[in-house]
Amino acid sequence: MTEIGFFDYPALYRRFRQDFDQTFRDVCARGHFILGPDLETFEQELAARLGVHHAIGVADGTNAIALGLRAAGVGPGDEIIMSAHTYVATANAALLIGAVPVAVDIGRDGLISPAAAEAAVTGKTRAILATQLNGRVGDMEALSDLCRRFGLQLFEDAAQGMGARLNGRAAGTIGRFGTLSFYPAKSMGCFGDGGAVLTNDSALAERVRQARDHGRDADGTFVSQGTNCRLDNLQAAFLRIRLRNFDQDVERRRALAARYVEGLRDLDQVACPPGPDDGAHFDVYQNFEALFDRRDALQDHLAQRGIGTAIQWGGQTLDKIAALGIRHGALPETTDYFRRCLMLPMHMALTDQQVDRVISEIRAFYRGAS
Ligand SMILES: *Cc1c(COP(=O)(O)O)cnc(C)c1O
């Protein structure tokens, strides 16, 4: 029995090995490692691909959020509303600049609930930071409306949203700024850490550009306070290869997801995620996260048969991270969701046959259980 891994890291390199090797040799031979021409070109190509004025390559997706928040004028004591169902990075980025993360409940789609966000607004709320989870864009219309009514800013943590769209607009380009992560397991991962800040606001973009390089302006003068938070030129060169092939990756992810849905949707014990073309949404399935009855027993059943699955964040939604003491209200939907949610294998090395085997093992589990 062959193993079906939840993710296949070595396959990232294997897929375009010759291109990566050639690029490694070229960049290293040129000796241009920091803020080089590959980074500049990648930033232009990424911005063009997503239909946004500015894409700024930074060290990782967490610092991308922190840089964006600071450039947008968020500071100490400002409350930022976010989903409880997000990575700890979203909250840590806020904490890093002294802001106060406030975690709220999710809707049926697993993304931030606009009604829960509205209920959490106080006099100190400055922004809503929407996580575009699992390769799906949230209800940005409702959130924009809410922000307009309360005078708040709207930002996006699109670390999982690369390529996703809502009404044709790319994840990360809808709020005042949005961020991406190029962590290896993300749908456009590199060979280490990487991230980007996306914005149509030129002044905000300039502040982020300076802040990622110790406050240096285009002339090389230190004009503001900054830090070292640049995307390596070499990683940017590798990412240009991934970007060139990204459309085909998205198509494949959507086909794999459609296969899971087709194979599971008649089971009463399983609730598949919405999409892939659910109304205005264009989902890219960074993850295939579905809801399953008797989730823990199912996960064991699959593990015994060599099939890797994962509960997102190891089950630690923001309210469960005691060390951070994050403020939150009632989270009934999040709590219920986390009793049932499980991510199935979803990556570019996964074959149709492997998906079919995962489906048949899930079906066998529920047949045996009934
Ligand atoms: C991966 C991820 C991040 C952080 O990205 P890094 O590049 O690992 O810092 C932030 N938010 C979400 C929702 C993520 O999935």
# chains A, B, ... in the order shown; residues from 1 in each chain; ligands from 1
call {"tool": "closest_atom_pairs", "arguments": {"of": "chain A", "to": "ligand 1", "cutoff": "7 Å", "atoms": "only C-alpha atoms and all ligand atoms", "output": "JSON lines"}}
result
{"residue": "A:Asp60", "atom": "CA", "partner": "ligand 1", "partner_atom_place_in_ligand_line": "7 (O)", "distance": 4.0}
{"residue": "A:Gly61", "atom": "CA", "partner": "ligand 1", "partner_atom_place_in_ligand_line": "7 (O)", "distance": 3.4}
{"residue": "A:Thr62", "atom": "CA", "partner": "ligand 1", "partner_atom_place_in_ligand_line": "9 (O)", "distance": 3.7}
{"residue": "A:Asn63", "atom": "CA", "partner": "ligand 1", "partner_atom_place_in_ligand_line": "9 (O)", "distance": 6.5}
{"residue": "A:Thr86", "atom": "CA", "partner": "ligand 1", "partner_atom_place_in_ligand_line": "13 (C)", "distance": 5.1}
{"residue": "A:Tyr87", "atom": "CA", "partner": "ligand 1", "partner_atom_place_in_ligand_line": "13 (C)", "distance": 4.8}
{"residue": "A:Ala89", "atom": "CA", "partner": "ligand 1", "partner_atom_place_in_ligand_line": "10 (C)", "distance": 4.8}
{"residue": "A:Thr90", "atom": "CA", "partner": "ligand 1", "partner_atom_place_in_ligand_line": "11 (N)", "distance": 5.3}
{"residue": "A:Thr131", "atom": "CA", "partner": "ligand 1", "partner_atom_place_in_ligand_line": "13 (C)", "distance": 5.7}
{"residue": "A:Leu133", "atom": "CA", "partner": "ligand 1", "partner_atom_place_in_ligand_line": "13 (C)", "distance": 6.1}
{"residue": "A:Asp157", "atom": "CA", "partner": "ligand 1", "partner_atom_place_in_ligand_line": "11 (N)", "distance": 5.9}
{"residue": "A:Ala158", "atom": "CA", "partner": "ligand 1", "partner_atom_place_in_ligand_line": "13 (C)", "distance": 6.7}
{"residue": "A:Ala159", "atom": "CA", "partner": "ligand 1", "partner_atom_place_in_ligand_line": "14 (C)", "distance": 4.8}
{"residue": "A:Gln160", "atom": "CA", "partner": "ligand 1", "partner_atom_place_in_ligand_line": "15 (O)", "distance": 5.2}
{"residue": "A:Ser181", "atom": "CA", "partner": "ligand 1", "partner_atom_place_in_ligand_line": "7 (O)", "distance": 4.1}
{"residue": "A:Phe182", "atom": "CA", "partner": "ligand 1", "partner_atom_place_in_ligand_line": "7 (O)", "distance": 5.8}
{"residue": "A:Tyr183", "atom": "CA", "partner": "ligand 1", "partner_atom_place_in_ligand_line": "7 (O)", "distance": 4.9}
{"residue": "A:Lys186", "atom": "CA", "partner": "ligand 1", "partner_atom_place_in_ligand_line": "1 (C)", "distance": 6.9}
{"residue": "A:Asp193", "atom": "CA", "partner": "ligand 1", "partner_atom_place_in_ligand_line": "7 (O)", "distance": 5.8}
{"residue": "A:Gly194", "atom": "CA", "partner": "ligand 1", "partner_atom_place_in_ligand_line": "7 (O)", "distance": 5.6}
{"residue": "A:Gly195", "atom": "CA", "partner": "ligand 1", "partner_atom_place_in_ligand_line": "7 (O)", "distance": 5.6}
call {"tool": "write_last_selection", "arguments": {"atoms": "C-alpha atoms", "output": "PDB file, in the first residue's frame"}}
result
ATOM      1  CA  ASP A  60       7.511  36.380   4.739  1.00  0.00           C
ATOM      2  CA  GLY A  61       3.744  36.591   4.992  1.00  0.00           C
ATOM      3  CA  THR A  62       3.723  37.491   8.678  1.00  0.00           C
ATOM      4  CA  ASN A  63       6.012  40.500   8.360  1.00  0.00           C
ATOM      5  CA  THR A  86      -6.806  32.089  11.008  1.00  0.00           C
ATOM      6  CA  TYR A  87      -3.157  31.305  11.515  1.00  0.00           C
ATOM      7  CA  ALA A  89       0.530  34.869  12.202  1.00  0.00           C
ATOM      8  CA  THR A  90      -2.416  37.214  11.588  1.00  0.00           C
ATOM      9  CA  THR A 131      -8.156  36.183   6.068  1.00  0.00           C
ATOM     10  CA  LEU A 133      -8.743  31.226   3.855  1.00  0.00           C
ATOM     11  CA  ASP A 157      -4.388  38.438   4.858  1.00  0.00           C
ATOM     12  CA  ALA A 158      -4.330  36.588   1.531  1.00  0.00           C
ATOM     13  CA  ALA A 159      -1.476  34.249   2.506  1.00  0.00           C
ATOM     14  CA  GLN A 160      -3.764  31.415   1.364  1.00  0.00           C
ATOM     15  CA  SER A 181       2.917  34.238   1.651  1.00  0.00           C
ATOM     16  CA  PHE A 182       5.320  32.154  -0.415  1.00  0.00           C
ATOM     17  CA  TYR A 183       5.918  29.602   2.355  1.00  0.00           C
ATOM     18  CA  LYS A 186       1.321  27.710  -0.079  1.00  0.00           C
ATOM     19  CA  ASP A 193      10.237  32.022   3.490  1.00  0.00           C
ATOM     20  CA  GLY A 194       8.821  34.767   1.338  1.00  0.00           C
ATOM     21  CA  GLY A 195       5.883  37.135   1.136  1.00  0.00           C
TER      22      GLY A 195
END
call {"tool": "select_by_dssp", "arguments": {"residues": "region 202-324 of chain A", "states": "alpha helix (DSSP H)", "output": "ChimeraX atom specification"}}
result
/A:202-211,233-244,246-264,295-304
call {"tool": "closest_residue", "arguments": {"among": "A:Trp313, A:Phe238, A:Tyr260, A:Tyr285", "to": "Phe42 (chain A)", "atoms": "only C-alpha atoms"}}
result
A:Phe238
call {"tool": "residues_around", "arguments": {"residues": "region 319-329 of chain A", "least_positions_apart": "3", "cutoff": "9 Å", "atoms": "only C-alpha atoms", "output": "list of chain:residue names"}}
result
A:Ala84, A:Val88, A:Ala91, A:Asn92, A:Val100, A:Pro101, A:Val102, A:Ala103, A:Val104, A:Asp105, A:Ala116, A:Ala119, A:Ala120, A:Gly315, A:Gln316
call {"tool": "residues_around", "arguments": {"residues": "Ile174 (chain A)", "least_positions_apart": "6", "cutoff": "9 Å", "atoms": "only C-alpha atoms", "output": "ChimeraX atom specification"}}
result
/A:140,154-156,166,199
call {"tool": "write_last_selection", "arguments": {"atoms": "N, CA, C and O atoms", "output": "JSON list (two decimals), in the first residue's frame"}}
result
[["chain", "number", "residue", "atom", "x", "y", "z"],
["A", 140, "MET", "N", -16.46, 40.27, 0.90],
["A", 140, "MET", "CA", -15.83, 41.60, 0.95],
["A", 140, "MET", "C", -16.82, 42.72, 0.78],
["A", 140, "MET", "O", -16.59, 43.84, 1.24],
["A", 154, "LEU", "N", -10.10, 48.40, 5.69],
["A", 154, "LEU", "CA", -10.24, 46.97, 5.38],
["A", 154, "LEU", "C", -8.94, 46.46, 4.77],
["A", 154, "LEU", "O", -8.44, 47.02, 3.79],
["A", 155, "PHE", "N", -8.39, 45.42, 5.38],
["A", 155, "PHE", "CA", -7.15, 44.81, 4.90],
["A", 155, "PHE", "C", -7.39, 43.32, 4.67],
["A", 155, "PHE", "O", -8.35, 42.76, 5.20],
["A", 156, "GLU", "N", -6.48, 42.69, 3.91],
["A", 156, "GLU", "CA", -6.61, 41.24, 3.64],
["A", 156, "GLU", "C", -5.33, 40.49, 3.96],
["A", 156, "GLU", "O", -4.26, 40.86, 3.48],
["A", 166, "LEU", "N", -12.83, 37.34, -6.41],
["A", 166, "LEU", "CA", -14.24, 37.62, -6.11],
["A", 166, "LEU", "C", -14.68, 38.67, -7.12],
["A", 166, "LEU", "O", -14.08, 39.74, -7.20],
["A", 199, "THR", "N", -0.87, 46.54, -2.98],
["A", 199, "THR", "CA", -1.71, 47.72, -2.73],
["A", 199, "THR", "C", -1.82, 48.58, -3.99],
["A", 199, "THR", "O", -0.92, 48.56, -4.84]]
call {"tool": "residues_around", "arguments": {"residues": "Gln248 (chain A)", "least_positions_apart": "6", "cutoff": "12 Å", "atoms": "only C-alpha atoms", "output": "number ranges by chain"}}
result
A: 163, 187-188, 242, 254-255, 284, 348
call {"tool": "write_last_selection", "arguments": {"atoms": "N, CA, C and O atoms", "output": "tab-separated table (two decimals), in the first residue's frame"}}
result
chain	number	residue	atom	x	y	z
A	163	GLY	N	-4.32	33.84	-6.29
A	163	GLY	CA	-5.06	33.37	-7.46
A	163	GLY	C	-6.56	33.35	-7.28
A	163	GLY	O	-7.30	33.27	-8.26
A	187	SER	N	0.14	27.80	-2.19
A	187	SER	CA	-0.08	27.38	-3.57
A	187	SER	C	0.97	27.96	-4.52
A	187	SER	O	1.21	27.40	-5.58
A	188	MET	N	1.64	29.06	-4.15
A	188	MET	CA	2.79	29.51	-4.93
A	188	MET	C	3.97	29.67	-3.96
A	188	MET	O	4.38	30.78	-3.63
A	242	ARG	N	7.49	29.81	-10.85
A	242	ARG	CA	6.20	29.35	-10.36
A	242	ARG	C	5.06	30.20	-10.91
A	242	ARG	O	3.98	29.70	-11.25
A	254	ARG	N	-8.22	23.03	-8.86
A	254	ARG	CA	-9.68	23.06	-8.98
A	254	ARG	C	-10.20	21.71	-9.48
A	254	ARG	O	-11.27	21.26	-9.05
A	255	ALA	N	-9.45	21.07	-10.34
A	255	ALA	CA	-9.87	19.74	-10.83
A	255	ALA	C	-9.80	18.71	-9.70
A	255	ALA	O	-10.70	17.87	-9.57
A	284	VAL	N	-9.46	28.70	-5.43
A	284	VAL	CA	-8.25	28.02	-5.92
A	284	VAL	C	-7.80	26.87	-5.01
A	284	VAL	O	-6.79	26.23	-5.28
A	348	MET	N	0.30	19.62	-5.85
A	348	MET	CA	0.48	19.44	-7.28
A	348	MET	C	0.99	18.06	-7.68
A	348	MET	O	0.92	17.70	-8.85
call {"tool": "closest_residue", "arguments": {"among": "A:Gln353, A:Gln269, A:Thr179, A:Gln312", "to": "Gln286 (chain A)", "atoms": "only C-alpha atoms"}}
result
A:Gln312
call {"tool": "closest_residue", "arguments": {"among": "A:Arg169, A:Glu206, A:Ala303, A:Gly189", "to": "Leu50 (chain A)", "atoms": "only C-alpha atoms"}}
result
A:Arg169
call {"tool": "closest_residue", "arguments": {"among": "A:Thr221, A:Ser83, A:Gln235, A:Gln354", "to": "Leu111 (chain A)", "atoms": "only C-alpha atoms"}}
result
A:Ser83
call {"tool": "select_by_dssp", "arguments": {"residues": "region 142-222 of chain A", "states": "strand (DSSP E or B)", "output": "JSON, numbers by chain"}}
result
{"A": [153, 154, 155, 156, 157, 165, 166, 169, 170, 177, 178, 179, 180, 181, 195, 196, 197, 198, 199, 213, 216, 222]}
